[in-house]
Amino acid sequence: MGNVTSSVAARLAFFPPEPPTYGVEPAHQDGDGAAQGAPPGLLRMTGVSPDAAVEVRALPTRAGTRVVAAFWRHPAARLTLLYSHGNAADLGQMLGLFLELRAHLRVNIMSYDYSGYGASTGKPSEYNTYYDIEAVYDCLKKEYGIEEEDLILYGQSVGSGPTLHLASRLEKLRGVVLHSGILSGIRVLYPVKNIDKIKQVDCPVLVIHGTADDIVDFTHGKRLWELAKEKYEPLWIKGGGHCNLETYPEYIRHLRKFINAMEKLARDKAPKAPQKLPSSSMTEVKHNKCLRFGKR
């Protein structure tokens, strides 16, 4: 009975675009001027506008699937955003937003399609999203040298599940953004246990939610923010729905403010050269406590 319920829940909770909005093929091909010099193993997205600045890979997961992940580098970036998108979307549909976020926030962007979404193999399920984001995080560390303390996890809607799964396991994470996040999955038959996981997150959490969200009620966002240990000033977008928050001017303004605060936090936490104290000094040297954010 449990397996049947889980299968039904997965069908109701996940809506990958059909057909996918893009395909993939090897980027390293003879006669392809745009791909000359591309490292072996990289892919190219087809069916969308070509972008020489993106690196696309198919990453193996613990579940035996291969998820497509895309990395956009910003030359002046100090931080990297690992974005877990919402339901009924894939990378092809999200390209425009990712390019805008990279430009306005001056961050690297890494995003991916869940198993069964876009050109990723397998079938979508709660646990597969966990394996998916773990594989993407491993890629960020091994292929791009991204340190945990230089990473911000961003989860939109269903993406709040894998985001909080990974965030609860990382002790030095720079920050978390929950965009129209899900408190629990009872309403949509998706057994997300975000109530417990957000209590385990040891970094600043920004919650963004629309007050008129008719898919994931506004109360989900409020409760997630209340449960966070390190609260950053939330953004409640008056009249905002579930899929249109990016169209409000305050969205990018507040997100930029959060990124700037996380960059400053990174600088403040950076190790400084030790200063030699006078031999006669009996001053006790104390470490600064971690900066914490509260509701303003």
# chains A, B, ... in the order shown; residues from 1 in each chain; ligands from 1
>>> residues_around(residues="Phe98 in chain A", least_positions_apart="2", cutoff="10 Å", atoms="only C-alpha atoms", output="MDAnalysis selection string")
chainID A and resid 71:72 81 83 91 93:96 100:104 108:111
>>> select_by_dssp(residues="range 5-253 of chain A", states="alpha helix (DSSP H)", output="MDAnalysis selection string")
chainID A and resid 5:13 91:105 126:144 160:167 194:197 218:227 249:253
>>> select_by_dssp(residues="range 99-145 of chain A", states="strand (DSSP E or B)", output="number ranges by chain")
A: 108-112
>>> atom_distance(atom1="CA of Glu147 in chain A", atom2="CA of Tyr117 in chain A")
27.3 Å
>>> residues_around(residues="Val67 in chain A", least_positions_apart="4", cutoff="10 Å", atoms="only C-alpha atoms", output="list in words")
Arg57, Ala58, Leu59, Pro60, Thr61, Tyr112, Asp113, Tyr114, Ser115, Gly116, Tyr117, Gly118, Ala119, Ser120, Thr121, Gly122, Thr129, Tyr131, Asp132, Ile133, Ala135 and Val136 of chain A
